[in-house]
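A.B. asks: One file: protein_7.cif (mmCIF, C-alpha atoms and all ligand atoms).
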```cif
data_structure
loop_
_atom_site.label_atom_id
_atom_site.label_comp_id
_atom_site.auth_asym_id
_atom_site.auth_seq_id
_atom_site.Cartn_x
_atom_site.Cartn_y
_atom_site.Cartn_z
CA MET D 992 11.92 12.77 2.62
CA ALA D 993 9.24 10.23 3.27
CA SER D 994 5.94 10.77 1.56
CA ARG D 995 2.81 8.81 2.26
CA LEU D 996 1.57 6.78 -0.67
CA GLU D 997 -1.88 6.95 0.69
CA HIS D 998 -3.21 10.45 0.55
CA THR D 999 -6.27 11.25 2.56
CA THR D 1000 -7.80 14.49 3.57
CA ALA D 1001 -10.80 15.16 5.71
CA ASN D 1002 -13.28 17.99 5.60
CA ASN D 1003 -12.80 19.65 8.93
CA ASP D 1004 -14.93 22.69 8.14
CA LYS D 1005 -17.79 22.72 10.56
CA LYS D 1006 -20.32 23.33 7.81
CA PRO D 1007 -23.87 22.20 8.40
CA ILE D 1008 -24.67 19.15 6.38
CA GLU D 1009 -27.63 19.92 4.19
CA ASP D 1010 -30.50 17.56 4.46
CA SER D 1011 -31.63 16.15 1.17
CA LYS D 1012 -32.42 12.88 -0.54
CA PRO D 1013 -29.47 10.86 -1.76
CA THR D 1014 -28.94 11.60 -5.43
CA LYS D 1015 -28.88 9.02 -8.19
CA ALA D 1016 -25.40 10.08 -9.23
CA ASP D 1017 -23.67 7.70 -6.79
CA GLY D 1018 -20.78 5.80 -8.27
CA LEU D 1019 -20.81 7.92 -11.46
CA LEU D 1020 -17.91 10.14 -12.28
CA HIS D 1021 -18.19 13.85 -11.62
CA HIS D 1022 -15.78 16.35 -13.10
CA LEU D 1023 -14.18 19.68 -12.48
CA TYR D 1024 -11.26 21.59 -13.91
CA TYR D 1025 -7.95 22.75 -12.53
CA GLY D 1026 -6.67 25.11 -15.17
CA GLN D 1027 -6.96 23.08 -18.34
CA ASP D 1028 -6.81 19.73 -16.58
CA LYS D 1029 -10.03 17.84 -16.18
CA ILE D 1030 -10.26 16.03 -12.86
CA SER D 1031 -12.81 13.24 -12.45
CA TYR D 1032 -13.97 12.02 -9.08
CA GLU D 1033 -16.18 9.28 -7.83
CA VAL D 1034 -18.67 9.79 -4.99
CA ILE D 1035 -19.35 7.03 -2.52
CA ARG D 1036 -22.11 7.54 0.01
CA LYS D 1037 -21.69 5.64 3.25
CA ASP D 1038 -24.03 5.18 6.15
CA LYS D 1039 -21.11 5.25 8.54
CA ALA D 1040 -19.27 8.23 7.04
CA ARG D 1041 -19.26 11.13 9.46
CA LYS D 1042 -17.50 13.65 7.27
CA LEU D 1043 -16.42 14.19 3.73
CA ARG D 1044 -13.14 12.51 2.83
CA ILE D 1045 -11.19 12.84 -0.36
CA LYS D 1046 -8.71 10.17 -1.29
CA VAL D 1047 -6.36 10.14 -4.25
CA HIS D 1048 -5.35 6.59 -5.07
CA PRO D 1049 -2.04 5.54 -6.61
CA ASP D 1050 -3.93 4.39 -9.73
CA GLN D 1051 -5.10 8.00 -9.99
CA ARG D 1052 -8.72 7.47 -9.00
CA VAL D 1053 -10.17 10.29 -6.89
CA VAL D 1054 -12.75 8.96 -4.46
CA VAL D 1055 -14.92 11.19 -2.30
CA SER D 1056 -16.72 9.40 0.50
CA VAL D 1057 -19.53 11.28 2.18
CA PRO D 1058 -22.37 10.72 4.64
CA MET D 1059 -25.65 9.69 2.98
CA GLN D 1060 -27.43 13.03 3.26
CA VAL D 1061 -24.98 15.58 1.82
CA THR D 1062 -25.89 17.29 -1.43
CA ASP D 1063 -24.00 17.12 -4.72
CA GLU D 1064 -23.58 20.87 -4.45
CA PHE D 1065 -21.79 20.59 -1.10
CA ILE D 1066 -19.60 17.78 -2.43
CA HIS D 1067 -18.69 19.78 -5.52
CA GLN D 1068 -17.76 22.83 -3.44
CA SER D 1069 -15.65 20.75 -1.06
CA VAL D 1070 -13.79 19.11 -3.95
CA GLN D 1071 -13.36 22.51 -5.61
CA LYS D 1072 -11.73 23.87 -2.45
CA ARG D 1073 -9.15 21.09 -2.48
CA VAL D 1074 -8.66 20.94 -6.21
CA ARG D 1075 -5.05 22.10 -6.07
CA TRP D 1076 -4.20 19.47 -3.47
CA ILE D 1077 -5.91 16.76 -5.57
CA TRP D 1078 -4.16 17.91 -8.74
CA GLN D 1079 -0.77 17.86 -6.99
CA HIS D 1080 -1.25 14.28 -5.80
CA LEU D 1081 -2.44 13.19 -9.24
CA GLN D 1082 0.77 14.69 -10.64
CA ASP D 1083 2.87 12.85 -8.04
CA PHE D 1084 1.25 9.52 -8.79
CA ALA D 1085 1.54 10.06 -12.55
CA LYS D 1086 5.23 10.71 -12.07
CA GLN D 1087 5.65 7.58 -9.96
CA LYS D 1088 4.01 5.55 -12.74
CA THR D 1089 6.75 6.54 -15.13
CA ASP D 1090 9.30 5.77 -12.44
CA VAL D 1091 8.93 1.97 -12.64
CA LEU D 1092 12.34 1.39 -14.13
CA PRO D 1093 14.70 -1.53 -13.60
CA LYS D 1094 16.45 -0.90 -10.32
CA ARG D 1095 20.13 0.06 -10.38
CA TYR D 1096 20.52 0.15 -6.59
CA VAL D 1097 22.01 3.62 -6.53
CA SER D 1098 21.34 6.63 -4.32
CA GLY D 1099 18.09 8.44 -5.08
CA GLU D 1100 15.99 5.44 -6.07
CA PRO D 1101 12.66 4.91 -4.29
CA GLN D 1102 12.35 2.11 -1.74
CA PHE D 1103 9.14 1.19 0.05
CA TYR D 1104 8.50 0.02 3.58
CA LEU D 1105 5.09 -0.36 5.28
CA GLY D 1106 3.42 1.79 2.65
CA ARG D 1107 5.89 4.64 2.86
CA ARG D 1108 8.25 5.74 0.15
CA TYR D 1109 11.89 6.22 1.14
CA VAL D 1110 14.93 7.31 -0.80
CA LEU D 1111 17.82 4.88 -1.11
CA LYS D 1112 21.21 6.21 -0.02
CA VAL D 1113 24.33 4.18 -0.63
CA ILE D 1114 27.48 5.13 1.25
CA VAL D 1115 30.93 3.60 1.62
CA ASP D 1116 32.48 3.60 5.07
CA PRO D 1117 35.46 1.30 5.78
CA GLU D 1118 35.02 1.98 9.51
CA GLN D 1119 31.61 0.29 9.66
CA ALA D 1120 30.31 -3.20 9.07
CA ALA D 1121 28.04 -3.39 6.02
CA ASN D 1122 24.50 -2.56 7.14
CA VAL D 1123 21.09 -1.16 6.25
CA LYS D 1124 19.38 1.48 8.36
CA LEU D 1125 16.22 3.49 8.10
CA ILE D 1126 17.21 7.01 9.10
CA ARG D 1127 15.20 10.19 8.63
CA GLY D 1128 13.26 9.17 5.55
CA LYS D 1129 16.26 7.53 3.92
CA LEU D 1130 17.00 3.85 3.59
CA THR D 1131 20.75 3.98 4.00
CA VAL D 1132 22.94 1.09 2.84
CA THR D 1133 26.51 1.20 4.08
CA LEU D 1134 29.17 -0.72 2.16
CA THR D 1135 32.55 -1.42 3.70
CA HIS D 1136 34.41 -0.77 0.48
CA ASP D 1137 33.69 0.53 -2.95
CA ASP D 1138 33.05 -2.51 -5.13
CA SER D 1139 32.42 -0.64 -8.34
CA ASN D 1140 35.53 -2.13 -9.98
CA ALA D 1141 35.39 -5.58 -8.43
CA SER D 1142 36.76 -8.21 -10.80
CA ASP D 1143 34.87 -11.17 -9.37
CA GLY D 1144 31.55 -9.93 -10.80
CA SER D 1145 30.15 -9.13 -7.39
CA ASP D 1146 29.57 -5.54 -8.35
CA ARG D 1147 28.26 -2.81 -6.15
CA ALA D 1148 24.61 -3.08 -7.25
CA ALA D 1149 24.53 -6.81 -6.48
CA LYS D 1150 25.99 -6.14 -3.05
CA VAL D 1151 23.46 -3.38 -2.29
CA LYS D 1152 20.62 -5.62 -3.51
CA ALA D 1153 21.78 -8.51 -1.32
CA LEU D 1154 21.93 -6.26 1.75
CA LEU D 1155 18.48 -4.83 1.01
CA ASP D 1156 17.00 -8.30 0.39
CA ALA D 1157 18.29 -9.47 3.76
CA TRP D 1158 16.93 -6.35 5.46
CA TYR D 1159 13.46 -6.78 3.90
CA GLN D 1160 13.48 -10.49 4.82
CA ALA D 1161 14.22 -9.70 8.47
CA LYS D 1162 11.60 -6.93 8.59
CA ALA D 1163 9.07 -9.20 6.84
CA ARG D 1164 9.63 -11.96 9.41
CA MET D 1165 9.06 -9.53 12.26
CA VAL D 1166 6.11 -7.60 10.80
CA PHE D 1167 4.27 -10.68 9.46
CA ALA D 1168 4.54 -12.41 12.86
CA GLU D 1169 3.13 -9.30 14.52
CA ARG D 1170 0.27 -8.89 12.00
CA LEU D 1171 -0.58 -12.61 12.08
CA ALA D 1172 -0.89 -12.43 15.88
CA ALA D 1173 -3.02 -9.28 15.56
CA VAL D 1174 -5.56 -10.66 13.07
CA LEU D 1175 -5.63 -14.27 14.26
CA PRO D 1176 -8.37 -13.73 16.89
CA GLN D 1177 -10.73 -12.71 14.05
CA ALA D 1178 -10.18 -16.03 12.31
CA ASN D 1179 -11.93 -18.02 15.03
CA TRP D 1180 -12.06 -21.12 12.79
CA VAL D 1181 -8.28 -21.46 13.08
CA HIS D 1182 -7.44 -23.49 16.16
CA ASN D 1183 -3.71 -24.07 15.88
CA SER D 1184 -1.49 -21.06 15.50
CA PRO D 1185 -0.40 -21.28 11.85
CA THR D 1186 3.25 -21.09 10.86
CA PHE D 1187 4.45 -19.05 7.94
CA LYS D 1188 7.33 -19.26 5.53
CA ILE D 1189 8.80 -16.36 3.61
CA LEU D 1190 9.27 -16.89 -0.09
CA SER D 1191 9.92 -14.34 -2.79
CA MET D 1192 7.30 -14.77 -5.51
CA LYS D 1193 6.73 -12.93 -8.78
CA LYS D 1194 2.96 -13.10 -9.00
CA GLN D 1195 1.60 -13.88 -5.56
CA TRP D 1196 1.48 -12.18 -2.20
CA GLY D 1197 0.77 -15.35 -0.32
CA SER D 1198 -0.56 -18.88 -0.33
CA CYS D 1199 -1.86 -21.43 2.12
CA SER D 1200 -1.18 -25.17 2.16
CA ALA D 1201 -3.81 -27.82 2.88
CA GLN D 1202 -2.19 -28.24 6.30
CA GLY D 1203 -2.80 -24.56 7.01
CA ASN D 1204 0.74 -23.30 6.66
CA LEU D 1205 1.10 -19.88 5.12
CA VAL D 1206 3.64 -18.70 2.59
CA LEU D 1207 4.11 -14.93 2.43
CA ASN D 1208 6.00 -12.83 -0.08
CA PRO D 1209 8.70 -10.67 1.58
CA HIS D 1210 7.89 -7.82 -0.85
CA LEU D 1211 4.55 -7.51 0.94
CA VAL D 1212 6.34 -5.76 3.82
CA LYS D 1213 6.66 -2.76 1.46
CA ALA D 1214 2.87 -2.32 1.59
CA PRO D 1215 0.80 -0.60 4.31
CA LYS D 1216 -0.07 -2.75 7.34
CA GLU D 1217 -3.71 -2.91 6.27
CA CYS D 1218 -2.67 -4.56 2.99
CA ILE D 1219 -0.55 -7.07 4.92
CA ASP D 1220 -3.57 -7.81 7.15
CA TYR D 1221 -5.69 -8.33 4.03
CA VAL D 1222 -3.28 -10.91 2.57
CA ILE D 1223 -2.95 -12.75 5.90
CA LEU D 1224 -6.73 -12.80 6.47
CA HIS D 1225 -7.23 -13.95 2.87
CA GLU D 1226 -4.89 -16.89 3.47
CA LEU D 1227 -6.45 -17.67 6.86
CA CYS D 1228 -9.86 -17.84 5.15
CA HIS D 1229 -8.40 -20.53 2.89
CA ILE D 1230 -7.90 -22.72 5.94
CA LYS D 1231 -11.70 -22.94 6.10
CA GLU D 1232 -12.58 -22.45 2.42
CA HIS D 1233 -9.95 -23.93 0.13
CA ASN D 1234 -11.00 -22.20 -3.08
CA HIS D 1235 -12.40 -18.83 -4.12
CA SER D 1236 -16.01 -19.89 -3.74
CA GLU D 1237 -18.82 -17.54 -2.79
CA ARG D 1238 -18.50 -18.87 0.75
CA PHE D 1239 -14.85 -17.85 0.76
CA TRP D 1240 -15.61 -14.23 -0.20
CA ARG D 1241 -18.44 -14.08 2.33
CA LEU D 1242 -16.09 -15.25 5.07
CA LEU D 1243 -13.44 -12.70 4.05
CA THR D 1244 -16.06 -9.92 4.02
CA LEU D 1245 -17.06 -10.94 7.52
CA VAL D 1246 -13.54 -10.47 8.89
CA MET D 1247 -12.57 -7.50 6.68
CA PRO D 1248 -15.66 -5.71 5.33
CA HIS D 1249 -13.66 -3.23 3.23
CA TRP D 1250 -11.23 -5.77 1.76
CA LYS D 1251 -11.99 -4.67 -1.83
CA ALA D 1252 -10.66 -1.17 -1.26
CA VAL D 1253 -7.56 -2.56 0.47
CA LYS D 1254 -6.95 -5.04 -2.35
CA THR D 1255 -7.33 -2.28 -4.95
CA GLU D 1256 -4.73 -0.24 -3.12
CA LEU D 1257 -2.32 -3.17 -2.97
CA ASP D 1258 -2.87 -4.06 -6.64
CA SER D 1259 -2.26 -0.50 -7.72
CA MET D 1260 1.18 -0.56 -6.11
CA ALA D 1261 2.17 -4.15 -7.00
CA GLU D 1262 4.39 -3.01 -9.86
CA PHE D 1263 6.47 -0.90 -7.48
CA TYR D 1264 6.62 -3.36 -4.62
CA LEU D 1265 7.61 -6.29 -6.85
CA ASN D 1266 10.13 -4.31 -8.86
CA GLU D 1267 13.67 -5.44 -8.07
ZN ZN Q 1301 -6.95 -16.95 -2.40
#
```
Any chance you could put this one into structure tokens?
C.D. replies:
Amino acid sequence: MASRLEHTTANNDKKPIEDSKPTKADGLLHHLYYGQDKISYEVIRKDKARKLRIKVHPDQRVVVSVPMQVTDEFIHQSVQKRVRWIWQHLQDFAKQKTDVLPKRYVSGEPQFYLGRRYVLKVIVDPEQAANVKLIRGKLTVTLTHDDSNASDGSDRAAKVKALLDAWYQAKARMVFAERLAAVLPQANWVHNSPTFKILSMKKQWGSCSAQGNLVLNPHLVKAPKECIDYVILHELCHIKEHNHSERFWRLLTLVMPHWKAVKTELDSMAEFYLNE
């Protein structure tokens, strides 16, 4: 079954929003209990927020974003109402943390694609050509024959990994081209359509040459589209600003005002996406 890595809930109760001055507690941690477990949450007040939203991040931060004028009391009650839901997602993410193990490329392991978590399924079917398919929440790898006892060292795991690598490469090529085309109009300082190369890297999501050619990590296709957009926009900003100067960050903020939150999300999952 596919489960979203990004968990968001919205307050759909049509409760009147109480009018009061913003409190000084913004950005500080608030707490409540679920049974014996203490749950801390951060409150972010936003001018543009229209309703209360609770988000549980993969790094186990609980962030509540609210319109400017709601009271702490209302926030506390809303969080209290969803405390079981929050606790459950904290449990899930805590479990995932302990799940970063070396991959064995066997059925049941998690695989990520566009921010969703899928379960790997490896099957052997002599009637089919070897292939990889995304079917009903499962990333299914079909092998033509069982290589578990192969004498030439090309064991089953290596074969599954090679098929998955090729699948991710092909998806990366397609998705990155689509996202680059989608965000390019925002980078109005880029006049020639940039090319990109796909290169598996251990510590980087992307880079940009002096000539304006991008290099993108195929593992990035495991992240949500918004994270892919962030990396592409970051690299496009380097076409104008070659280093991480203040001007660079200002330019990035102009084209993606909430880039920090997106980057935090990507960073929190890097371990999983880069694990192979
Ligand atoms: Zn950079």
A.B. asks: Rank D:Arg1052, D:His1022, D:Lys1086, D:His1229 by their smallest atom-to-atom distance to D:Gln1068, using only C-alpha atoms, and report the top residue only.
C.D. replies: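 Ranked by minimum distance to D:Gln1068, first place goes to D:His1022.
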A.B. asks: So that I can check the surroundings of D:Ala1120, please list as a list of chain:residue names every protein, DNA and RNA residue that reaches within 8 Å of it, counting all atoms listed in the file and ignoring chain neighbours fewer than 6 positions away.
C.D. replies: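 Here the answer would be D:Thr1133, D:Leu1134, D:Thr1135.
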A.B. asks: If we count all atoms listed in the file and set the cut-off at 9 Å, which residues sit around stretch 1029-1036 of chain D, ignoring sequence neighbours fewer than 4 positions away in its own chain? Please answer as a list in words.
C.D. replies: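 With the cut-off at 9 Å, the set is Pro1013, Ala1016, Asp1017, Gly1018, Leu1019, Leu1020, His1021, His1022, Leu1023, Tyr1024, Tyr1025, Ala1040, Arg1052, Val1053, Val1054, Val1055, Ser1056, Val1057, Pro1058, Met1059, Gln1060, Val1061, Ile1066, Val1070, Val1074, Ile1077 and Trp1078 of chain D.
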A.B. asks: Which residue out of D:Cys1228, D:Ala1149, D:Ala1157, D:Val1115 has the minimum interatomic distance to ligand ZN 1301 (chain Q) when only C-alpha atoms and all ligand atoms are used?
C.D. replies: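 Closest to ligand ZN 1301 (chain Q), using only C-alpha atoms and all ligand atoms: D:Cys1228.
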A.B. asks: Would you mind listing the residues within 9 Å of ligand ZN 1301 (chain Q), counting all atoms listed in the file, as a count of residues only?
C.D. replies: 12
A.B. asks: Record the distance separating atom CA of D:Val1113 and atom CA of D:Met1260, expressed in Å with one decimal.
C.D. replies: 24.3 Å
A.B. asks: Is there a way to get, as a PyMOL selection string, all residues within 10 Å of the point (15.4, 10.9, 5.5) in file coordinates, counting all atoms listed in the file?
C.D. replies: chain D and resi 992-993+1109-1112+1125-1131
A.B. asks: Separation of atom CA of D:Leu1265 and atom CA of D:Gln1082, in Å?
C.D. replies: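 Computing it gives 22.4 Å between the two atoms.
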A.B. asks: At what distance in Å, to one decimal, does atom CA of D:Lys1152 lie from atom CA of D:Arg1164?
C.D. replies: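 Distance between the two atoms: 18.1 Å.
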